[in-house]
$ cat query-v1.cif   # mmCIF, C-alpha atoms and all ligand atoms
data_query
loop_
_atom_site.label_atom_id
_atom_site.label_comp_id
_atom_site.auth_asym_id
_atom_site.auth_seq_id
_atom_site.Cartn_x
_atom_site.Cartn_y
_atom_site.Cartn_z
CA MET A 53 0.00 0.00 0.00
CA ARG A 54 1.21 3.51 -0.81
CA SER A 55 1.61 5.72 2.21
CA MET A 56 -0.75 8.70 2.14
CA ALA A 57 -0.14 9.84 5.69
CA LYS A 58 1.02 13.32 4.75
CA SER A 59 -1.91 13.86 2.34
CA GLN A 60 -4.35 12.75 5.03
CA GLU A 61 -2.77 15.14 7.50
CA LEU A 62 -3.06 17.98 4.96
CA GLN A 63 -6.70 17.07 4.25
CA ALA A 64 -7.52 17.22 7.97
CA SER A 65 -5.84 20.61 8.14
CA ALA A 66 -7.67 21.85 5.02
CA GLU A 67 -11.01 20.85 6.51
CA ARG A 68 -10.46 23.54 9.16
CA PHE A 69 -10.61 26.17 6.46
CA PHE A 70 -12.59 24.88 3.49
CA PRO A 71 -15.97 23.11 3.33
CA GLY A 72 -15.05 19.47 2.68
CA GLY A 73 -11.41 20.56 2.72
CA VAL A 74 -11.62 21.69 -0.91
CA ASN A 75 -12.06 24.72 -3.12
CA SER A 76 -14.10 22.81 -5.71
CA PRO A 77 -16.39 19.93 -4.62
CA VAL A 78 -15.33 17.02 -6.87
CA ARG A 79 -11.77 17.22 -5.51
CA ALA A 80 -13.02 15.79 -2.20
CA PHE A 81 -13.38 12.31 -3.80
CA ARG A 82 -16.84 11.87 -2.22
CA ALA A 83 -18.13 9.99 -5.27
CA VAL A 84 -15.27 7.49 -5.44
CA GLY A 85 -14.18 7.11 -1.82
CA GLY A 86 -10.59 6.93 -0.69
CA HIS A 87 -8.34 9.83 0.19
CA PRO A 88 -7.49 12.66 -2.20
CA PRO A 89 -3.72 12.98 -2.60
CA PHE A 90 -2.35 16.49 -2.00
CA VAL A 91 -0.23 17.59 -4.93
CA ALA A 92 3.31 18.71 -4.16
CA ARG A 93 4.33 19.30 -7.77
CA ALA A 94 3.57 18.27 -11.35
CA GLU A 95 5.78 17.66 -14.34
CA GLY A 96 4.98 16.38 -17.82
CA ALA A 97 2.47 13.53 -17.55
CA TYR A 98 2.92 13.14 -13.79
CA LEU A 99 1.57 14.42 -10.50
CA PHE A 100 3.66 13.95 -7.33
CA ASP A 101 1.91 13.97 -3.97
CA ALA A 102 2.99 15.18 -0.56
CA ASP A 103 4.06 11.63 0.42
CA GLY A 104 6.35 11.35 -2.60
CA ASN A 105 4.03 9.09 -4.64
CA ARG A 106 3.99 9.54 -8.40
CA TYR A 107 0.84 9.26 -10.56
CA VAL A 108 0.20 9.22 -14.29
CA ASP A 109 -2.17 12.17 -14.61
CA LEU A 110 -5.30 11.37 -16.64
CA PHE A 111 -7.31 14.46 -15.77
CA GLY A 112 -4.85 17.22 -16.68
CA SER A 113 -6.23 19.80 -14.25
CA TRP A 114 -9.66 19.04 -15.81
CA GLY A 115 -8.47 19.91 -19.29
CA PRO A 116 -6.02 22.80 -19.52
CA MET A 117 -2.73 20.87 -19.43
CA ILE A 118 -2.64 19.71 -23.07
CA LEU A 119 1.13 20.27 -23.22
CA GLY A 120 1.76 18.49 -19.92
CA HIS A 121 2.69 20.09 -16.61
CA ALA A 122 5.40 22.73 -16.25
CA PHE A 123 5.97 22.79 -20.01
CA PRO A 124 9.19 24.88 -20.31
CA PRO A 125 8.02 27.49 -22.90
CA VAL A 126 4.88 28.15 -20.85
CA VAL A 127 6.82 28.35 -17.57
CA GLU A 128 9.27 30.79 -19.18
CA ALA A 129 6.45 32.97 -20.58
CA ILE A 130 4.80 33.21 -17.16
CA ARG A 131 8.12 34.01 -15.48
CA GLU A 132 8.86 36.78 -17.97
CA ALA A 133 5.37 38.27 -17.70
CA ALA A 134 5.48 38.18 -13.88
CA GLY A 135 8.65 40.26 -13.98
CA ARG A 136 6.72 42.97 -15.80
CA GLY A 137 3.89 43.06 -13.26
CA ALA A 138 1.16 40.61 -12.23
CA SER A 139 -1.95 42.67 -12.96
CA PHE A 140 -2.61 46.10 -14.43
CA GLY A 141 -6.38 46.51 -14.53
CA ALA A 142 -5.71 48.34 -17.79
CA SER A 143 -5.27 47.41 -21.44
CA HIS A 144 -1.97 45.94 -22.66
CA ALA A 145 -0.69 44.50 -25.93
CA GLY A 146 -0.79 40.87 -24.74
CA GLU A 147 -4.59 40.84 -24.93
CA ALA A 148 -4.72 41.53 -28.66
CA SER A 149 -1.83 39.07 -29.25
CA LEU A 150 -3.83 36.25 -27.68
CA ALA A 151 -7.03 37.42 -29.41
CA GLU A 152 -5.25 37.27 -32.78
CA LEU A 153 -4.35 33.62 -32.13
CA VAL A 154 -7.86 32.79 -30.97
CA ARG A 155 -9.38 34.29 -34.12
CA ARG A 156 -6.90 32.43 -36.29
CA CYS A 157 -8.03 29.14 -34.73
CA PHE A 158 -11.73 30.05 -34.44
CA PRO A 159 -12.73 32.15 -37.47
CA ALA A 160 -16.30 32.43 -36.12
CA VAL A 161 -14.94 34.42 -33.17
CA GLU A 162 -14.78 37.80 -34.90
CA LYS A 163 -14.68 39.70 -31.63
CA MET A 164 -14.20 38.45 -28.10
CA ARG A 165 -13.80 39.38 -24.50
CA PHE A 166 -11.45 37.74 -22.01
CA VAL A 167 -12.72 36.76 -18.56
CA SER A 168 -11.21 34.69 -15.74
CA SER A 169 -13.08 31.37 -15.97
CA GLY A 170 -15.37 29.21 -18.07
CA THR A 171 -18.22 29.98 -15.66
CA GLU A 172 -17.87 33.69 -16.38
CA ALA A 173 -17.60 33.08 -20.11
CA CYS A 174 -20.86 31.11 -20.29
CA MET A 175 -22.75 33.35 -17.90
CA SER A 176 -21.74 36.42 -19.92
CA ALA A 177 -22.54 34.78 -23.26
CA ILE A 178 -26.07 34.00 -22.06
CA ARG A 179 -26.60 37.57 -20.85
CA LEU A 180 -25.37 38.85 -24.19
CA ALA A 181 -27.65 36.50 -26.14
CA ARG A 182 -30.62 37.66 -24.08
CA GLY A 183 -29.67 41.30 -24.54
CA PHE A 184 -29.16 40.92 -28.27
CA THR A 185 -32.38 39.04 -28.97
CA GLY A 186 -34.55 40.70 -26.33
CA ARG A 187 -35.76 37.22 -25.34
CA ASN A 188 -35.53 35.39 -22.00
CA PHE A 189 -35.59 31.62 -22.50
CA VAL A 190 -32.40 29.55 -22.75
CA ILE A 191 -32.15 25.95 -23.89
CA LYS A 192 -29.46 23.83 -22.26
CA PHE A 193 -29.04 20.06 -22.18
CA GLU A 194 -29.23 17.53 -19.34
CA GLY A 195 -25.77 16.60 -18.11
CA CYS A 196 -24.11 19.57 -19.79
CA TYR A 197 -22.32 21.88 -17.40
CA HIS A 198 -21.58 25.47 -18.24
CA GLY A 199 -20.19 26.60 -14.91
CA HIS A 200 -21.98 27.42 -11.71
CA ALA A 201 -23.95 30.56 -12.66
CA ASP A 202 -27.44 30.39 -11.12
CA ALA A 203 -29.43 30.20 -14.35
CA LEU A 204 -27.38 27.26 -15.61
CA LEU A 205 -27.58 25.00 -12.54
CA VAL A 206 -30.47 22.98 -13.92
CA LYS A 207 -29.91 19.25 -14.51
CA ALA A 208 -26.24 20.08 -14.78
CA GLY A 209 -23.40 17.58 -15.11
CA SER A 210 -19.96 17.67 -13.51
CA GLY A 211 -19.91 18.03 -9.70
CA VAL A 212 -23.65 18.69 -9.58
CA ALA A 213 -24.34 15.27 -11.09
CA THR A 214 -21.49 13.68 -9.13
CA LEU A 215 -22.99 14.74 -5.82
CA GLY A 216 -26.59 14.04 -6.91
CA ILE A 217 -27.72 17.66 -6.55
CA PRO A 218 -30.17 18.01 -9.49
CA GLY A 219 -30.49 21.77 -9.01
CA SER A 220 -28.54 23.71 -6.41
CA ALA A 221 -30.07 24.98 -3.20
CA GLY A 222 -29.79 28.75 -3.08
CA VAL A 223 -31.04 29.19 -6.64
CA PRO A 224 -34.56 30.68 -6.57
CA ALA A 225 -37.11 29.03 -8.86
CA GLU A 226 -37.63 32.44 -10.48
CA THR A 227 -33.99 32.47 -11.56
CA VAL A 228 -34.27 29.21 -13.48
CA MET A 229 -37.82 29.58 -14.77
CA HIS A 230 -36.44 30.61 -18.16
CA THR A 231 -33.98 27.70 -18.39
CA LEU A 232 -35.24 24.76 -20.44
CA ALA A 233 -33.20 21.58 -19.85
CA LEU A 234 -33.69 19.07 -22.67
CA PRO A 235 -32.13 15.66 -23.37
CA TYR A 236 -28.86 15.82 -25.34
CA ASN A 237 -28.76 14.29 -28.82
CA ASP A 238 -32.53 14.69 -29.23
CA LEU A 239 -33.37 17.20 -31.97
CA ALA A 240 -37.10 16.51 -31.76
CA ALA A 241 -37.13 17.82 -28.17
CA VAL A 242 -35.51 21.07 -29.33
CA GLU A 243 -37.93 21.40 -32.21
CA SER A 244 -40.89 21.01 -29.80
CA ALA A 245 -39.44 23.63 -27.43
CA PHE A 246 -39.20 26.16 -30.27
CA MET A 247 -42.75 25.32 -31.34
CA ALA A 248 -44.05 25.77 -27.80
CA ARG A 249 -42.33 29.14 -27.35
CA PRO A 250 -42.14 30.97 -30.67
CA ARG A 251 -39.91 34.09 -30.51
CA GLU A 252 -39.23 33.53 -26.79
CA ILE A 253 -35.99 31.53 -26.90
CA ALA A 254 -32.84 33.65 -26.87
CA CYS A 255 -30.29 30.89 -27.36
CA ILE A 256 -29.19 27.31 -27.16
CA ILE A 257 -26.02 26.62 -25.18
CA VAL A 258 -24.41 23.25 -25.79
CA GLU A 259 -21.23 21.33 -25.06
CA PRO A 260 -20.51 20.15 -28.63
CA VAL A 261 -18.96 17.01 -27.19
CA VAL A 262 -20.25 16.61 -23.65
CA GLY A 263 -17.43 16.32 -21.14
CA ASN A 264 -19.33 16.97 -17.95
CA ALA A 265 -21.52 13.86 -17.98
CA GLY A 266 -18.44 11.87 -18.89
CA THR A 267 -17.59 12.07 -22.57
CA ILE A 268 -20.59 11.89 -24.92
CA PRO A 269 -20.15 12.65 -28.64
CA PRO A 270 -22.86 14.35 -30.68
CA ALA A 271 -24.94 12.08 -32.94
CA PRO A 272 -24.26 12.62 -36.66
CA GLY A 273 -26.07 15.79 -37.77
CA TYR A 274 -27.03 16.82 -34.22
CA LEU A 275 -24.96 20.01 -34.06
CA GLN A 276 -26.00 20.96 -37.59
CA GLY A 277 -29.61 20.41 -36.52
CA LEU A 278 -29.17 22.79 -33.58
CA ARG A 279 -27.62 25.34 -35.95
CA ARG A 280 -30.55 25.06 -38.34
CA LEU A 281 -33.17 25.34 -35.58
CA CYS A 282 -31.48 28.43 -34.13
CA THR A 283 -31.32 30.11 -37.53
CA GLU A 284 -34.94 29.26 -38.35
CA ASN A 285 -36.16 30.58 -35.01
CA GLY A 286 -34.02 33.70 -34.64
CA ALA A 287 -32.12 32.31 -31.64
CA LEU A 288 -28.36 32.32 -31.11
CA LEU A 289 -26.28 29.15 -30.97
CA ILE A 290 -23.67 29.23 -28.19
CA VAL A 291 -21.11 26.45 -28.47
CA ASP A 292 -19.36 25.92 -25.14
CA GLU A 293 -15.83 24.93 -26.09
CA VAL A 294 -14.35 25.40 -22.62
CA MET A 295 -13.29 21.73 -22.67
CA THR A 296 -13.11 21.05 -26.39
CA GLY A 297 -11.50 24.28 -27.62
CA PHE A 298 -7.89 23.70 -28.79
CA ARG A 299 -8.27 20.10 -27.55
CA LEU A 300 -10.18 18.25 -30.27
CA SER A 301 -8.40 20.33 -32.89
CA LEU A 302 -6.90 23.82 -32.99
CA GLY A 303 -10.35 25.12 -33.92
CA GLY A 304 -12.11 22.91 -31.37
CA ALA A 305 -15.26 20.89 -31.96
CA GLN A 306 -16.70 23.48 -34.35
CA GLN A 307 -13.84 22.74 -36.73
CA VAL A 308 -14.14 18.96 -36.30
CA TYR A 309 -17.92 18.88 -36.81
CA GLY A 310 -18.18 21.80 -39.24
CA VAL A 311 -20.67 23.91 -37.33
CA THR A 312 -20.59 27.71 -37.10
CA PRO A 313 -21.88 29.12 -33.81
CA ASP A 314 -23.01 32.68 -33.19
CA LEU A 315 -21.06 32.71 -29.93
CA THR A 316 -18.30 30.49 -28.58
CA THR A 317 -17.09 30.14 -25.01
CA LEU A 318 -13.52 29.16 -24.21
CA GLY A 319 -11.44 28.48 -21.10
CA LYS A 320 -9.02 25.86 -19.79
CA ILE A 321 -6.34 25.45 -22.55
CA LEU A 322 -6.87 29.10 -23.53
CA GLY A 323 -5.04 30.20 -20.36
CA GLY A 324 -2.30 27.56 -20.47
CA GLY A 325 -3.19 26.54 -16.90
CA LEU A 326 -3.77 30.05 -15.56
CA PRO A 327 -7.29 31.35 -14.80
CA CYS A 328 -8.68 32.54 -18.13
CA GLY A 329 -11.84 32.28 -20.20
CA ALA A 330 -13.30 34.06 -23.20
CA PHE A 331 -16.59 34.49 -24.99
CA GLY A 332 -16.80 35.76 -28.52
CA GLY A 333 -18.40 35.43 -31.90
CA ARG A 334 -20.33 37.56 -34.40
CA ALA A 335 -19.14 41.16 -34.30
CA ASP A 336 -22.71 42.52 -34.50
CA VAL A 337 -23.61 40.51 -31.40
CA MET A 338 -20.42 41.32 -29.46
CA ASP A 339 -20.84 45.04 -30.15
CA VAL A 340 -23.95 45.02 -27.98
CA LEU A 341 -21.59 44.77 -24.98
CA ALA A 342 -20.71 47.83 -22.89
CA PRO A 343 -19.13 50.29 -23.56
CA LEU A 344 -20.59 50.12 -27.11
CA GLY A 345 -23.96 48.73 -26.13
CA PRO A 346 -26.29 48.16 -23.19
CA VAL A 347 -25.21 44.65 -22.04
CA TYR A 348 -22.90 45.01 -19.05
CA GLN A 349 -19.96 42.76 -18.29
CA ALA A 350 -16.62 43.50 -16.57
CA GLY A 351 -13.72 42.05 -14.55
CA THR A 352 -10.69 43.31 -12.62
CA LEU A 353 -8.55 40.35 -13.69
CA SER A 354 -9.94 40.06 -17.24
CA GLY A 355 -7.08 39.94 -19.74
CA ASN A 356 -4.62 39.33 -16.90
CA PRO A 357 -1.06 39.63 -18.30
CA LEU A 358 0.16 36.32 -16.82
CA ALA A 359 -2.83 34.42 -18.20
CA MET A 360 -2.40 36.08 -21.60
CA ALA A 361 1.30 35.12 -21.65
CA ALA A 362 0.62 31.49 -20.70
CA GLY A 363 -2.17 31.30 -23.28
CA ILE A 364 -0.02 32.77 -26.04
CA ALA A 365 2.85 30.35 -25.30
CA THR A 366 0.46 27.39 -25.28
CA ILE A 367 -1.45 28.27 -28.43
CA GLU A 368 1.67 29.29 -30.36
CA TYR A 369 3.12 25.87 -29.57
CA LEU A 370 -0.08 24.13 -30.70
CA ILE A 371 -0.14 26.13 -33.94
CA GLY A 372 3.54 25.48 -34.63
CA HIS A 373 3.24 21.72 -34.01
CA GLU A 374 -0.37 21.17 -35.04
CA THR A 375 -0.03 17.96 -37.04
CA ALA A 376 2.38 16.27 -34.65
CA VAL A 377 0.45 17.29 -31.52
CA TYR A 378 -3.01 16.20 -32.62
CA SER A 379 -1.90 12.95 -34.23
CA GLN A 380 0.10 11.97 -31.15
CA LEU A 381 -2.80 12.88 -28.85
CA GLU A 382 -5.12 10.75 -31.01
CA SER A 383 -2.90 7.67 -31.05
CA VAL A 384 -1.80 7.73 -27.40
CA THR A 385 -5.35 8.33 -26.16
CA ARG A 386 -6.67 5.57 -28.40
CA SER A 387 -4.09 3.14 -26.98
CA ILE A 388 -5.03 4.04 -23.41
CA ALA A 389 -8.81 4.09 -23.91
CA GLU A 390 -9.10 0.98 -26.08
CA GLY A 391 -6.35 -0.85 -24.21
CA VAL A 392 -8.18 -0.61 -20.90
CA GLU A 393 -11.48 -1.52 -22.56
CA GLN A 394 -9.79 -4.70 -23.82
CA VAL A 395 -8.51 -5.46 -20.29
CA ALA A 396 -12.09 -5.02 -18.99
CA ARG A 397 -13.44 -7.31 -21.70
CA GLU A 398 -10.96 -10.02 -20.77
CA ALA A 399 -11.89 -9.58 -17.10
CA GLY A 400 -15.63 -9.83 -17.92
CA VAL A 401 -16.32 -6.30 -16.65
CA PRO A 402 -19.01 -4.43 -18.65
CA MET A 403 -17.48 -1.20 -19.96
CA THR A 404 -18.39 1.30 -22.66
CA THR A 405 -15.66 3.65 -23.84
CA ASN A 406 -16.60 7.03 -25.31
CA ARG A 407 -13.69 8.90 -26.84
CA VAL A 408 -13.24 11.91 -29.09
CA GLY A 409 -9.57 12.73 -29.68
CA SER A 410 -7.80 13.17 -26.36
CA MET A 411 -10.89 13.25 -24.14
CA PHE A 412 -12.59 10.04 -23.08
CA THR A 413 -14.58 8.19 -20.42
CA TRP A 414 -14.83 4.59 -19.35
CA PHE A 415 -18.46 4.03 -18.35
CA PHE A 416 -19.17 0.96 -16.26
CA THR A 417 -22.12 -0.21 -18.31
CA GLY A 418 -22.59 -2.56 -21.23
CA GLU A 419 -24.94 -0.14 -23.02
CA PRO A 420 -23.99 2.69 -25.38
CA VAL A 421 -23.94 6.09 -23.62
CA THR A 422 -25.56 8.75 -25.79
CA ASP A 423 -27.06 11.07 -23.19
CA PHE A 424 -27.14 11.82 -19.49
CA ALA A 425 -29.84 9.21 -18.76
CA PHE A 426 -27.59 6.46 -20.16
CA ALA A 427 -24.52 7.86 -18.37
CA SER A 428 -26.48 7.65 -15.12
CA LYS A 429 -27.05 3.94 -15.66
CA SER A 430 -23.37 3.15 -15.26
CA ASP A 431 -22.33 1.35 -12.11
CA SER A 432 -20.95 4.06 -9.84
CA GLU A 433 -19.80 1.54 -7.20
CA ALA A 434 -17.70 -0.23 -9.84
CA PHE A 435 -16.31 3.09 -11.03
CA GLY A 436 -15.40 4.09 -7.46
CA ARG A 437 -13.62 0.74 -6.88
CA PHE A 438 -11.77 1.13 -10.19
CA HIS A 439 -10.76 4.69 -9.30
CA ARG A 440 -9.33 3.69 -5.89
CA ARG A 441 -7.43 0.75 -7.34
CA MET A 442 -6.04 2.78 -10.24
CA LEU A 443 -4.84 5.43 -7.80
CA GLU A 444 -3.16 2.73 -5.73
CA GLY A 445 -1.61 1.50 -8.99
CA GLY A 446 -0.22 4.97 -9.74
CA VAL A 447 -2.85 6.36 -12.15
CA TRP A 448 -4.98 9.37 -11.20
CA LEU A 449 -8.34 9.44 -13.01
CA PRO A 450 -10.98 12.17 -12.72
CA PRO A 451 -12.75 11.28 -9.46
CA SER A 452 -16.22 11.04 -10.96
CA GLN A 453 -18.02 9.03 -13.61
CA TYR A 454 -19.39 12.38 -14.80
CA GLU A 455 -16.07 13.93 -15.79
CA ALA A 456 -13.92 13.36 -18.86
CA ALA A 457 -10.35 12.07 -18.74
CA PHE A 458 -7.71 14.06 -20.65
CA VAL A 459 -4.37 13.11 -22.19
CA SER A 460 -1.44 15.46 -22.90
CA VAL A 461 1.43 15.46 -25.38
CA ALA A 462 3.69 14.44 -22.50
CA HIS A 463 1.95 11.05 -22.42
CA GLY A 464 3.69 8.41 -24.52
CA PRO A 465 4.21 4.64 -24.78
CA SER A 466 5.58 4.21 -21.26
CA GLU A 467 2.57 5.98 -19.73
CA VAL A 468 0.26 3.80 -21.88
CA GLU A 469 2.00 0.73 -20.44
CA MET A 470 1.68 2.05 -16.88
CA VAL A 471 -2.04 2.70 -17.31
CA LEU A 472 -2.65 -0.74 -18.81
CA ASN A 473 -0.68 -2.45 -16.02
CA ALA A 474 -2.61 -0.56 -13.37
CA ALA A 475 -5.90 -1.49 -15.11
CA ARG A 476 -4.97 -5.19 -15.18
CA GLY A 477 -4.60 -5.04 -11.39
CA ALA A 478 -7.66 -2.82 -10.88
CA LEU A 479 -10.06 -4.93 -12.97
CA ALA A 480 -8.91 -8.37 -11.79
CA GLY A 481 -11.31 -10.14 -9.43
N1 LIG B 1 -16.27 20.95 -12.41
C1 LIG B 1 -14.91 21.01 -12.83
C2 LIG B 1 -14.64 20.16 -14.03
N2 LIG B 1 -15.71 19.91 -14.89
C3 LIG B 1 -14.02 20.61 -11.70
C4 LIG B 1 -13.09 21.67 -11.35
C5 LIG B 1 -12.18 21.32 -10.19
O1 LIG B 1 -12.59 20.67 -9.25
O2 LIG B 1 -11.04 21.73 -10.25
#

$ encode --input "query-v1.cif" --output "structure tokens" --more "lines below"
Ligand code: HOZ
Amino acid sequence: MRSMAKSQELQASAERFFPGGVNSPVRAFRAVGGHPPFVARAEGAYLFDADGNRYVDLFGSWGPMILGHAFPPVVEAIREAAGRGASFGASHAGEASLAELVRRCFPAVEKMRFVSSGTEACMSAIRLARGFTGRNFVIKFEGCYHGHADALLVKAGSGVATLGIPGSAGVPAETVMHTLALPYNDLAAVESAFMARPREIACIIVEPVVGNAGTIPPAPGYLQGLRRLCTENGALLIVDEVMTGFRLSLGGAQQVYGVTPDLTTLGKILGGGLPCGAFGGRADVMDVLAPLGPVYQAGTLSGNPLAMAAGIATIEYLIGHETAVYSQLESVTRSIAEGVEQVAREAGVPMTTNRVGSMFTWFFTGEPVTDFAFASKSDSEAFGRFHRRMLEGGVWLPPSQYEAAFVSVAHGPSEVEMVLNAARGALAG
């Protein structure tokens, strides 16, 4: 058994200050049991805990670490920027430099605004869509998670699903009365919603590949169907690429699936591991934001120079090594995802693997997982057992069946081998 004495001591100490000892609920491991390791440092594909244990990292800080931890060009960029000042609360050239790269990768993002998190990005995009259309209703999908803004905490995925909180306490019914939560991958449900509320729906917000109910790809034609229904009904399509942006391809899921949103939200990889998000899209829509228009949105740390520097270093590297990066991510992730599925098959454990590029989920169910209802059918006890055993075997998975796993370019054949070895132990008997 690995010693986790120091981590347990740190957890006890953290519980004096933070509810559950954490600053974000899923980190407490409540859904999988066992003790959360406390991270001492991270490098490449590995996390090292306070007791000196090493883990292959398969959650990558929940998505941002596509280049692996402490990637030297990113570290250097942050160091340099910090020497020039940590925060200005005023405009600087780094903002437009990162924006230029974003627009190059996402041509549909004609104009944008930087914020500090994916939550802020989605919350602001919804406000903008409502302000632009003059309508109140928002369509979201069950199991999709767009951050913890009040109006979006309806049948949300991620930690909300993990902890079985269908809608958060503290959110008045009046605040969510304009949020319509529909099943994912079901165009007929969207069509009916538009028919029931003509000229009342401001926007659809969607994770183009769901990551927050575990990984769930869109059915063929689904995203195009959403695009068509928005256009026909005068609503805006918001594609939440906080997880998928720069991950599935340089231009995210919208490039992979060939869909053009009105607004896009970004986060995670965008900030190279520093707190950063963005929302952007059609210039005529974005220009409704203050100071040009009446929709208000602001932030002291928006466009923070350290986050801009880390984002620029990350995206410049991705652009410069596009073919090599995305083909390596594809092949290493395939080896890990399909390799473990094969181990499960040999061990007689029902498992369904959903994977798109370098994001994936092993669901403990024999059935295909195409929406949140199917994801919920997977055996959470079996997932928890698997998680604890993998951790003991030196592999750190996202601690919830409702979160995607992520692979970085620092993962290679030896990490594949380590994951498969750990899985052989974890799935035996
Ligand atoms: N809900 C976040 C991922 N989908 C988890 C963030 C965290 O705990 O760091």

$ residues_near_ligand --input "query-v1.cif" --ligand "ligand LIG 1 (chain B)" --cutoff "6 Å" --atoms "only C-alpha atoms and all ligand atoms" --output "PyMOL selection string"
chain A and resi 76+78-79+114+210-211+264

$ residues_around --input "query-v1.cif" --residues "Val161 (chain A)" --least-positions-apart "3" --cutoff "7 Å" --atoms "all atoms listed in the file" --output "ChimeraX atom specification"
/A:155,158,164,316,332-334

$ closest_atom_pairs --input "query-v1.cif" --of "region 334-411 of chain A" --to "region 442-459 of chain A" --cutoff "12 Å" --atoms "only C-alpha atoms" --output "tab-separated table"
residue	atom	partner	partner_atom	distance
A:Val377	CA	A:Val459	CA	11.3
A:Tyr378	CA	A:Val459	CA	11.0
A:Gln380	CA	A:Val459	CA	10.1
A:Leu381	CA	A:Val459	CA	6.8
A:Glu382	CA	A:Val459	CA	9.2
A:Ser383	CA	A:Val459	CA	10.5
A:Val384	CA	A:Val459	CA	7.9
A:Thr385	CA	A:Val459	CA	6.3
A:Arg386	CA	A:Val459	CA	10.0
A:Ser387	CA	A:Val459	CA	11.1
A:Ile388	CA	A:Val459	CA	9.2
A:Ala389	CA	A:Ala457	CA	9.6
A:Val392	CA	A:Met442	CA	11.4
A:Thr404	CA	A:Gln453	CA	11.9
A:Thr405	CA	A:Ala456	CA	11.1
A:Asn406	CA	A:Ala456	CA	9.4
A:Arg407	CA	A:Ala456	CA	9.1
A:Val408	CA	A:Phe458	CA	10.3
A:Gly409	CA	A:Val459	CA	9.1
A:Ser410	CA	A:Val459	CA	5.4
A:Met411	CA	A:Phe458	CA	4.8

$ closest_residue --input "query-v1.cif" --among "A:Ala462, A:Ala64, A:Leu239, A:Ala475" --to "Ala399 (chain A)" --atoms "only C-alpha atoms"
A:Ala475

$ atom_distance --input "query-v1.cif" --atom1 "CA of Ile268 (chain A)" --atom2 "CA of Val471 (chain A)"
22.1 Å

$ residues_around --input "query-v1.cif" --residues "region 287-302 of chain A" --least-positions-apart "6" --cutoff "6 Å" --atoms "all atoms listed in the file" --output "JSON, numbers by chain"
{"A": [157, 254, 255, 256, 257, 258, 259, 313, 314, 315, 316, 317, 318, 319, 409]}

$ atom_distance --input "query-v1.cif" --atom1 "CA of Arg179 (chain A)" --atom2 "CA of Ala342 (chain A)"
12.0 Å

$ residues_around --input "query-v1.cif" --residues "Ile364 (chain A)" --least-positions-apart "6" --cutoff "9 Å" --atoms "all atoms listed in the file" --output "PyMOL selection string"
chain A and resi 126+129+146+149-150+153+322-324

$ residues_around --input "query-v1.cif" --residues "Gly195 (chain A)" --least-positions-apart "5" --cutoff "9 Å" --atoms "only C-alpha atoms" --output "number ranges by chain"
A: 206-210, 213, 235-236, 262-266, 423-425, 427, 454

$ closest_residue --input "query-v1.cif" --among "A:Met247, A:Leu358, A:Cys196, A:Arg187" --to "Pro269 (chain A)" --atoms "only C-alpha atoms"
A:Cys196

$ closest_residue --input "query-v1.cif" --among "A:Arg251, A:Arg156, A:His463, A:Lys320" --to "Ser169 (chain A)" --atoms "only C-alpha atoms"
A:Lys320

$ decode --input "query-v1.cif" --residues "region 377-386 of chain A" --atoms "N, CA and C atoms" --output "PDB file, in the first residue's frame"
ATOM      1  N   VAL A 377       1.161  17.309 -32.814  1.00  0.00           N
ATOM      2  CA  VAL A 377       0.452  17.294 -31.525  1.00  0.00           C
ATOM      3  C   VAL A 377      -0.836  16.479 -31.621  1.00  0.00           C
ATOM      4  N   TYR A 378      -1.688  16.824 -32.615  1.00  0.00           N
ATOM      5  CA  TYR A 378      -3.014  16.200 -32.625  1.00  0.00           C
ATOM      6  C   TYR A 378      -2.962  14.740 -33.066  1.00  0.00           C
ATOM      7  N   SER A 379      -1.951  14.382 -33.884  1.00  0.00           N
ATOM      8  CA  SER A 379      -1.902  12.949 -34.235  1.00  0.00           C
ATOM      9  C   SER A 379      -1.344  12.141 -33.072  1.00  0.00           C
ATOM     10  N   GLN A 380      -0.397  12.710 -32.329  1.00  0.00           N
ATOM     11  CA  GLN A 380       0.097  11.975 -31.153  1.00  0.00           C
ATOM     12  C   GLN A 380      -0.998  11.836 -30.086  1.00  0.00           C
ATOM     13  N   LEU A 381      -1.724  12.950 -29.850  1.00  0.00           N
ATOM     14  CA  LEU A 381      -2.803  12.878 -28.852  1.00  0.00           C
ATOM     15  C   LEU A 381      -3.812  11.789 -29.229  1.00  0.00           C
ATOM     16  N   GLU A 382      -4.144  11.740 -30.529  1.00  0.00           N
ATOM     17  CA  GLU A 382      -5.122  10.754 -31.005  1.00  0.00           C
ATOM     18  C   GLU A 382      -4.619   9.325 -30.751  1.00  0.00           C
ATOM     19  N   SER A 383      -3.342   9.068 -31.124  1.00  0.00           N
ATOM     20  CA  SER A 383      -2.902   7.673 -31.053  1.00  0.00           C
ATOM     21  C   SER A 383      -2.623   7.244 -29.613  1.00  0.00           C
ATOM     22  N   VAL A 384      -2.061   8.126 -28.796  1.00  0.00           N
ATOM     23  CA  VAL A 384      -1.797   7.731 -27.400  1.00  0.00           C
ATOM     24  C   VAL A 384      -3.119   7.541 -26.650  1.00  0.00           C
ATOM     25  N   THR A 385      -4.063   8.454 -26.881  1.00  0.00           N
ATOM     26  CA  THR A 385      -5.347   8.334 -26.164  1.00  0.00           C
ATOM     27  C   THR A 385      -6.088   7.077 -26.618  1.00  0.00           C
ATOM     28  N   ARG A 386      -6.005   6.790 -27.916  1.00  0.00           N
ATOM     29  CA  ARG A 386      -6.671   5.574 -28.400  1.00  0.00           C
ATOM     30  C   ARG A 386      -6.069   4.341 -27.706  1.00  0.00           C
TER      31      ARG A 386
END
